[in-house]
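Undergrad: Input structure: input38.cif, which contains mmCIF, N, CA and C atoms.
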data_work
loop_
_atom_site.label_atom_id
_atom_site.label_comp_id
_atom_site.auth_asym_id
_atom_site.auth_seq_id
_atom_site.Cartn_x
_atom_site.Cartn_y
_atom_site.Cartn_z
N MET A 1 -18.08 -4.03 7.12
CA MET A 1 -16.83 -4.13 6.41
C MET A 1 -16.11 -2.81 6.48
N GLY A 2 -14.99 -2.66 5.86
CA GLY A 2 -14.28 -1.41 5.88
C GLY A 2 -13.28 -1.35 4.75
N VAL A 3 -12.55 -0.28 4.74
CA VAL A 3 -11.52 -0.07 3.74
C VAL A 3 -10.22 -0.69 4.24
N ALA A 4 -9.45 -1.26 3.32
CA ALA A 4 -8.16 -1.85 3.68
C ALA A 4 -7.16 -1.58 2.57
N PHE A 5 -5.91 -1.42 2.95
CA PHE A 5 -4.81 -1.36 1.99
C PHE A 5 -4.26 -2.77 1.86
N TYR A 6 -3.90 -3.14 0.67
CA TYR A 6 -3.29 -4.45 0.48
C TYR A 6 -2.21 -4.38 -0.58
N ILE A 7 -1.38 -5.40 -0.63
CA ILE A 7 -0.27 -5.47 -1.56
C ILE A 7 -0.66 -6.32 -2.76
N VAL A 8 -0.42 -5.78 -3.95
CA VAL A 8 -0.61 -6.49 -5.20
C VAL A 8 0.78 -6.85 -5.71
N THR A 9 0.96 -8.10 -6.10
CA THR A 9 2.26 -8.54 -6.62
C THR A 9 2.22 -8.63 -8.14
N GLU A 10 3.35 -8.37 -8.75
CA GLU A 10 3.43 -8.35 -10.22
C GLU A 10 3.19 -9.73 -10.83
N ARG A 11 3.52 -10.73 -10.08
CA ARG A 11 3.25 -12.09 -10.54
C ARG A 11 2.65 -12.87 -9.37
N GLU A 12 2.09 -14.01 -9.69
CA GLU A 12 1.50 -14.87 -8.65
C GLU A 12 2.54 -15.10 -7.55
N PHE A 13 2.10 -14.90 -6.32
CA PHE A 13 3.02 -15.07 -5.19
C PHE A 13 2.26 -15.71 -4.04
N PRO A 14 2.78 -16.82 -3.50
CA PRO A 14 2.04 -17.53 -2.44
C PRO A 14 1.95 -16.73 -1.14
N GLU A 15 0.85 -16.90 -0.47
CA GLU A 15 0.63 -16.30 0.85
C GLU A 15 0.96 -14.81 0.87
N SER A 16 0.32 -14.07 -0.03
CA SER A 16 0.60 -12.64 -0.12
C SER A 16 -0.49 -11.78 0.53
N TRP A 17 -1.38 -12.39 1.31
CA TRP A 17 -2.44 -11.63 1.96
C TRP A 17 -1.89 -10.90 3.18
N VAL A 18 -2.29 -9.64 3.33
CA VAL A 18 -1.98 -8.85 4.52
C VAL A 18 -3.26 -8.18 4.98
N ASN A 19 -3.36 -7.86 6.26
CA ASN A 19 -4.57 -7.29 6.82
C ASN A 19 -4.80 -5.88 6.28
N GLY A 20 -4.03 -4.91 6.68
CA GLY A 20 -4.10 -3.56 6.14
C GLY A 20 -5.32 -2.74 6.50
N LYS A 21 -6.15 -3.19 7.45
CA LYS A 21 -7.38 -2.45 7.76
C LYS A 21 -7.15 -1.20 8.60
N ALA A 22 -6.09 -1.16 9.38
CA ALA A 22 -5.83 0.02 10.21
C ALA A 22 -5.18 1.14 9.41
N LEU A 23 -4.52 0.82 8.33
CA LEU A 23 -3.73 1.82 7.61
C LEU A 23 -4.56 2.91 6.95
N PRO A 24 -5.70 2.61 6.32
CA PRO A 24 -6.45 3.71 5.69
C PRO A 24 -6.89 4.78 6.69
N ARG A 25 -7.25 4.37 7.89
CA ARG A 25 -7.68 5.34 8.91
C ARG A 25 -6.56 6.30 9.29
N HIS A 26 -5.34 5.87 9.10
CA HIS A 26 -4.18 6.66 9.56
C HIS A 26 -3.26 7.07 8.42
N ALA A 27 -3.73 6.95 7.18
CA ALA A 27 -2.87 7.20 6.02
C ALA A 27 -2.28 8.61 6.02
N GLU A 28 -3.09 9.61 6.34
CA GLU A 28 -2.58 10.98 6.34
C GLU A 28 -1.48 11.17 7.37
N ARG A 29 -1.68 10.62 8.56
CA ARG A 29 -0.66 10.77 9.61
C ARG A 29 0.59 9.96 9.30
N LEU A 30 0.41 8.77 8.69
CA LEU A 30 1.58 7.98 8.30
C LEU A 30 2.38 8.68 7.21
N ASP A 31 1.67 9.25 6.25
CA ASP A 31 2.36 9.98 5.19
C ASP A 31 3.07 11.22 5.74
N ALA A 32 2.43 11.90 6.68
CA ALA A 32 3.06 13.07 7.30
C ALA A 32 4.34 12.64 8.04
N ARG A 33 4.28 11.51 8.72
CA ARG A 33 5.46 11.00 9.42
C ARG A 33 6.57 10.66 8.42
N CYS A 34 6.20 10.08 7.30
CA CYS A 34 7.19 9.79 6.25
C CYS A 34 7.86 11.08 5.78
N ARG A 35 7.06 12.12 5.55
CA ARG A 35 7.63 13.39 5.10
C ARG A 35 8.54 13.99 6.17
N GLU A 36 8.15 13.88 7.44
CA GLU A 36 9.01 14.36 8.54
C GLU A 36 10.37 13.67 8.50
N LEU A 37 10.36 12.41 8.15
CA LEU A 37 11.58 11.61 8.11
C LEU A 37 12.31 11.72 6.77
N GLY A 38 11.78 12.54 5.87
CA GLY A 38 12.41 12.74 4.57
C GLY A 38 12.27 11.55 3.64
N MET A 39 11.18 10.81 3.83
CA MET A 39 10.96 9.60 3.03
C MET A 39 9.76 9.76 2.11
N ARG A 40 9.70 8.89 1.17
CA ARG A 40 8.56 8.79 0.27
C ARG A 40 7.34 8.37 1.08
N PRO A 41 6.18 9.03 0.91
CA PRO A 41 4.97 8.63 1.64
C PRO A 41 4.50 7.23 1.27
N LEU A 42 3.95 6.55 2.22
CA LEU A 42 3.46 5.19 2.00
C LEU A 42 2.43 5.15 0.86
N THR A 43 1.53 6.13 0.83
CA THR A 43 0.48 6.10 -0.19
C THR A 43 1.00 6.39 -1.60
N SER A 44 2.25 6.81 -1.73
CA SER A 44 2.81 7.03 -3.06
C SER A 44 3.06 5.71 -3.79
N PHE A 45 2.91 4.59 -3.09
CA PHE A 45 3.08 3.28 -3.71
C PHE A 45 1.76 2.73 -4.28
N PHE A 46 0.70 3.54 -4.28
CA PHE A 46 -0.57 3.10 -4.84
C PHE A 46 -0.51 3.09 -6.35
N SER A 47 -1.15 2.10 -6.93
CA SER A 47 -1.34 2.04 -8.37
C SER A 47 -2.51 1.11 -8.65
N HIS A 48 -2.89 0.99 -9.90
CA HIS A 48 -3.99 0.11 -10.31
C HIS A 48 -3.84 -0.13 -11.80
N SER A 49 -4.42 -1.20 -12.25
CA SER A 49 -4.41 -1.45 -13.69
C SER A 49 -5.46 -0.55 -14.33
N PRO A 50 -5.24 -0.13 -15.57
CA PRO A 50 -6.26 0.68 -16.25
C PRO A 50 -7.61 -0.03 -16.34
N ALA A 51 -7.58 -1.35 -16.50
CA ALA A 51 -8.85 -2.10 -16.58
C ALA A 51 -9.61 -2.03 -15.27
N GLU A 52 -8.90 -2.17 -14.15
CA GLU A 52 -9.56 -2.08 -12.83
C GLU A 52 -10.09 -0.67 -12.60
N ALA A 53 -9.31 0.33 -12.97
CA ALA A 53 -9.75 1.72 -12.79
C ALA A 53 -10.99 2.00 -13.66
N ALA A 54 -10.99 1.51 -14.89
CA ALA A 54 -12.14 1.71 -15.77
C ALA A 54 -13.39 1.04 -15.21
N ALA A 55 -13.23 -0.16 -14.68
CA ALA A 55 -14.37 -0.87 -14.08
C ALA A 55 -14.91 -0.11 -12.88
N PHE A 56 -14.01 0.43 -12.06
CA PHE A 56 -14.45 1.21 -10.90
C PHE A 56 -15.20 2.46 -11.34
N LEU A 57 -14.65 3.18 -12.30
CA LEU A 57 -15.31 4.39 -12.78
C LEU A 57 -16.70 4.08 -13.33
N ALA A 58 -16.80 3.01 -14.10
CA ALA A 58 -18.09 2.61 -14.65
C ALA A 58 -19.08 2.26 -13.55
N SER A 59 -18.60 1.59 -12.50
CA SER A 59 -19.49 1.22 -11.39
C SER A 59 -19.98 2.44 -10.62
N GLU A 60 -19.24 3.54 -10.73
CA GLU A 60 -19.62 4.79 -10.08
C GLU A 60 -20.43 5.70 -11.01
N GLY A 61 -20.73 5.20 -12.21
CA GLY A 61 -21.54 5.98 -13.14
C GLY A 61 -20.76 6.90 -14.04
N ALA A 62 -19.44 6.85 -14.00
CA ALA A 62 -18.61 7.69 -14.86
C ALA A 62 -18.27 6.94 -16.14
N ASP A 63 -17.97 7.68 -17.19
CA ASP A 63 -17.58 7.08 -18.46
C ASP A 63 -16.06 6.97 -18.50
N PRO A 64 -15.50 5.75 -18.38
CA PRO A 64 -14.05 5.60 -18.37
C PRO A 64 -13.37 6.09 -19.65
N ALA A 65 -14.11 6.13 -20.74
CA ALA A 65 -13.53 6.58 -22.00
C ALA A 65 -13.16 8.06 -21.98
N THR A 66 -13.72 8.81 -21.03
CA THR A 66 -13.44 10.25 -20.94
C THR A 66 -12.25 10.56 -20.04
N VAL A 67 -11.63 9.51 -19.48
CA VAL A 67 -10.53 9.71 -18.53
C VAL A 67 -9.27 9.07 -19.09
N ASN A 68 -8.17 9.80 -19.03
CA ASN A 68 -6.88 9.26 -19.44
C ASN A 68 -6.30 8.48 -18.26
N LEU A 69 -6.41 7.16 -18.31
CA LEU A 69 -5.97 6.32 -17.20
C LEU A 69 -4.49 6.00 -17.34
N PRO A 70 -3.71 6.24 -16.29
CA PRO A 70 -2.27 5.96 -16.36
C PRO A 70 -2.00 4.46 -16.33
N PRO A 71 -0.84 4.06 -16.82
CA PRO A 71 -0.49 2.64 -16.75
C PRO A 71 -0.24 2.21 -15.31
N GLU A 72 -0.37 0.94 -15.07
CA GLU A 72 -0.09 0.38 -13.75
C GLU A 72 1.39 0.55 -13.45
N GLN A 73 1.71 0.94 -12.23
CA GLN A 73 3.10 1.12 -11.81
C GLN A 73 3.49 0.00 -10.86
N TRP A 74 4.73 -0.41 -10.95
CA TRP A 74 5.28 -1.44 -10.06
C TRP A 74 6.51 -0.88 -9.38
N PHE A 75 6.72 -1.31 -8.14
CA PHE A 75 7.83 -0.80 -7.33
C PHE A 75 8.67 -1.96 -6.82
N ASP A 76 9.96 -1.69 -6.67
CA ASP A 76 10.83 -2.69 -6.07
C ASP A 76 10.44 -2.84 -4.60
N ALA A 77 10.43 -4.07 -4.14
CA ALA A 77 10.05 -4.33 -2.74
C ALA A 77 10.97 -3.60 -1.78
N ALA A 78 12.24 -3.46 -2.13
CA ALA A 78 13.19 -2.79 -1.25
C ALA A 78 12.78 -1.35 -0.95
N GLU A 79 12.15 -0.69 -1.92
CA GLU A 79 11.70 0.69 -1.70
C GLU A 79 10.63 0.75 -0.61
N GLY A 80 9.64 -0.11 -0.71
CA GLY A 80 8.58 -0.15 0.29
C GLY A 80 9.09 -0.63 1.63
N LEU A 81 9.99 -1.58 1.60
CA LEU A 81 10.56 -2.13 2.83
C LEU A 81 11.29 -1.05 3.61
N ALA A 82 12.01 -0.19 2.92
CA ALA A 82 12.73 0.90 3.60
C ALA A 82 11.76 1.83 4.32
N VAL A 83 10.65 2.15 3.67
CA VAL A 83 9.65 3.04 4.28
C VAL A 83 9.02 2.37 5.50
N VAL A 84 8.57 1.13 5.33
CA VAL A 84 7.90 0.41 6.41
C VAL A 84 8.83 0.23 7.61
N ARG A 85 10.06 -0.16 7.36
CA ARG A 85 11.00 -0.37 8.47
C ARG A 85 11.33 0.92 9.20
N THR A 86 11.43 2.00 8.46
CA THR A 86 11.70 3.29 9.12
C THR A 86 10.52 3.68 10.01
N LEU A 87 9.31 3.49 9.53
CA LEU A 87 8.14 3.80 10.35
C LEU A 87 8.10 2.92 11.60
N LEU A 88 8.48 1.67 11.46
CA LEU A 88 8.43 0.73 12.59
C LEU A 88 9.53 0.96 13.63
N ARG A 89 10.55 1.72 13.29
CA ARG A 89 11.64 1.98 14.25
C ARG A 89 11.16 2.75 15.48
N ASP A 90 10.08 3.49 15.32
CA ASP A 90 9.56 4.31 16.42
C ASP A 90 8.06 4.05 16.56
N PRO A 91 7.68 2.85 17.04
CA PRO A 91 6.26 2.49 17.07
C PRO A 91 5.39 3.39 17.94
N GLU A 92 5.98 4.05 18.93
CA GLU A 92 5.19 4.95 19.78
C GLU A 92 4.69 6.16 19.00
N ARG A 93 5.35 6.48 17.90
CA ARG A 93 4.95 7.63 17.09
C ARG A 93 3.95 7.26 16.01
N LEU A 94 3.61 5.97 15.93
CA LEU A 94 2.63 5.54 14.94
C LEU A 94 1.22 5.83 15.45
N PRO A 95 0.32 6.23 14.57
CA PRO A 95 -1.05 6.53 14.99
C PRO A 95 -1.84 5.27 15.28
N GLY A 96 -2.96 5.46 15.94
CA GLY A 96 -3.89 4.35 16.16
C GLY A 96 -3.81 3.78 17.56
N LYS A 97 -4.89 3.13 17.93
CA LYS A 97 -4.99 2.52 19.25
C LYS A 97 -4.47 1.09 19.22
N LYS A 98 -3.89 0.69 20.31
CA LYS A 98 -3.47 -0.70 20.51
C LYS A 98 -2.50 -1.19 19.44
N GLY A 99 -1.78 -0.30 18.81
CA GLY A 99 -0.76 -0.70 17.85
C GLY A 99 -1.25 -1.32 16.57
N ALA A 100 -2.49 -1.03 16.17
CA ALA A 100 -3.04 -1.65 14.97
C ALA A 100 -2.26 -1.27 13.71
N ALA A 101 -1.87 0.00 13.60
CA ALA A 101 -1.09 0.43 12.42
C ALA A 101 0.26 -0.29 12.40
N ALA A 102 0.89 -0.39 13.57
CA ALA A 102 2.18 -1.09 13.65
C ALA A 102 2.02 -2.56 13.28
N GLU A 103 0.95 -3.17 13.72
CA GLU A 103 0.70 -4.58 13.38
C GLU A 103 0.54 -4.76 11.88
N ASP A 104 -0.23 -3.88 11.24
CA ASP A 104 -0.39 -3.94 9.79
C ASP A 104 0.95 -3.73 9.09
N LEU A 105 1.73 -2.76 9.57
CA LEU A 105 3.03 -2.50 8.97
C LEU A 105 3.98 -3.69 9.12
N ARG A 106 3.90 -4.39 10.25
CA ARG A 106 4.73 -5.59 10.43
C ARG A 106 4.34 -6.68 9.42
N GLU A 107 3.03 -6.81 9.14
CA GLU A 107 2.60 -7.77 8.12
C GLU A 107 3.12 -7.35 6.74
N PHE A 108 3.05 -6.06 6.45
CA PHE A 108 3.59 -5.56 5.18
C PHE A 108 5.09 -5.85 5.11
N GLU A 109 5.78 -5.59 6.22
CA GLU A 109 7.23 -5.83 6.25
C GLU A 109 7.55 -7.29 5.93
N ALA A 110 6.85 -8.22 6.58
CA ALA A 110 7.12 -9.64 6.36
C ALA A 110 6.93 -10.02 4.89
N LEU A 111 5.87 -9.52 4.27
CA LEU A 111 5.63 -9.84 2.87
C LEU A 111 6.66 -9.16 1.98
N LEU A 112 6.97 -7.90 2.25
CA LEU A 112 7.94 -7.18 1.42
C LEU A 112 9.33 -7.82 1.49
N VAL A 113 9.71 -8.38 2.64
CA VAL A 113 10.98 -9.10 2.75
C VAL A 113 10.99 -10.27 1.77
N ARG A 114 9.90 -11.03 1.76
CA ARG A 114 9.80 -12.18 0.85
C ARG A 114 9.80 -11.74 -0.61
N LEU A 115 9.08 -10.66 -0.91
CA LEU A 115 9.06 -10.15 -2.27
C LEU A 115 10.44 -9.68 -2.70
N ASP A 116 11.15 -9.01 -1.79
CA ASP A 116 12.50 -8.55 -2.09
C ASP A 116 13.44 -9.73 -2.34
N ASP A 117 13.33 -10.76 -1.53
CA ASP A 117 14.16 -11.96 -1.72
C ASP A 117 13.96 -12.58 -3.09
N GLU A 118 12.71 -12.55 -3.56
CA GLU A 118 12.36 -13.17 -4.85
C GLU A 118 12.39 -12.17 -6.01
N LYS A 119 12.72 -10.91 -5.71
CA LYS A 119 12.75 -9.84 -6.71
C LYS A 119 11.41 -9.69 -7.44
N VAL A 120 10.34 -9.74 -6.66
CA VAL A 120 8.98 -9.55 -7.19
C VAL A 120 8.55 -8.12 -6.88
N ARG A 121 8.12 -7.41 -7.91
CA ARG A 121 7.67 -6.03 -7.70
C ARG A 121 6.23 -6.01 -7.20
N TRP A 122 5.81 -4.85 -6.70
CA TRP A 122 4.53 -4.74 -6.02
C TRP A 122 3.98 -3.32 -6.15
N HIS A 123 2.76 -3.15 -5.70
CA HIS A 123 2.18 -1.82 -5.45
C HIS A 123 1.06 -1.99 -4.43
N LEU A 124 0.67 -0.87 -3.84
CA LEU A 124 -0.47 -0.87 -2.92
C LEU A 124 -1.76 -0.72 -3.70
N ALA A 125 -2.81 -1.25 -3.14
CA ALA A 125 -4.16 -1.07 -3.67
C ALA A 125 -5.10 -0.91 -2.50
N VAL A 126 -6.32 -0.51 -2.80
CA VAL A 126 -7.31 -0.30 -1.74
C VAL A 126 -8.51 -1.18 -2.02
N ASP A 127 -9.01 -1.78 -0.95
CA ASP A 127 -10.21 -2.60 -1.03
C ASP A 127 -11.30 -1.88 -0.28
N PHE A 128 -12.41 -1.62 -0.96
CA PHE A 128 -13.54 -0.91 -0.34
C PHE A 128 -14.55 -1.90 0.20
#
Represent the supplied structure as structure tokens.
TA:
Amino acid sequence: MGVAFYIVTEREFPESWVNGKALPRHAERLDARCRELGMRPLTSFFSHSPAEAAAFLASEGADPATVNLPPEQWFDAAEGLAVVRTLLRDPERLPGKKGAAAEDLREFEALLVRLDDEKVRWHLAVDF
């Protein structure tokens, strides 16, 4: 198995699964490209619910009660869509072999378009 980035929607949303397996391997380079372009880094869209964060900390042997967990953040789909589309404008500059990062970004783009149409907010999450 591996690590993957995925999109969490603020409300139930049909067919919201995206692959996202190539993105974690290239997150630093994608974020650097975003900064070169004067954009918000892709990983700045990460968030989690306090309950999920507490469960993760507990599973790692930490006491969640000793950590001030921030509230879950939600973002307008248009914000993420602007970042993804800008990255996709120059696919040759995207990291990874065989266009895997570009393929994941195209899946994110397709979902973010639908979320934007329906005005559903979102955030990124990571699956280990």
Undergrad: May I have all residues of chain A that DSSP, computed from the backbone, assigns to strand (DSSP E), given as a list in words?
TA: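 The strand (DSSP E) subset of chain A is Ala4, Phe5, Tyr6, Ile7, Val8, Thr9, Trp122, His123, Leu124, Ala125, Val126 and Asp127 of chain A.
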Undergrad: Which residues are close to Val120 of chain A, i.e. within 6 Å by all atoms listed in the file, leaving aside same-chain residues fewer than 2 positions away? Reply as JSON, numbers by chain.
TA: {"A": [10, 76, 77, 115, 116, 117, 118, 122]}
Undergrad: Identify, on the basis of all atoms listed in the file, every residue whose closest approach to Leu42 of chain A does not exceed 8 Å; exclude the query and any residue fewer than 6 positions from it along the same chain; express the result as a PyMOL selection string.
TA: chain A and resi 27+30-35+80+83-84+124
Undergrad: With distances taken over only C-alpha atoms, which of A:Val18, A:Leu69, A:Val113, A:Ala82 is nearest to His48 of chain A?
TA: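 Of A:Val18, A:Leu69, A:Val113, A:Ala82, the one nearest His48 of chain A, counting only C-alpha atoms, is A:Leu69.
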Undergrad: Output the residue selection produced by the PyMOL selection byres (((chain A and resi 4 and name CA) around 9) and name CA) on the file above, formatted as JSON, numbers by chain.
TA: {"A": [2, 3, 5, 6, 19, 20, 21, 22, 23, 24, 25, 125, 126, 127, 128]}
Undergrad: Taking (4.9, 0.1, -9.2) in the file's own coordinates, collect the residues within 7 Å, counting all atoms listed in the file, and hand them back as an MDAnalysis selection string.
TA: chainID A and resid 45:47 72:76 121:124
Undergrad: Please return as number ranges by chain: the residues of chain A that backbone DSSP assigns to helix (DSSP H, G or I).
TA: A: 24-36, 42-45, 50-59, 64-66, 77-88, 91-93, 97-118
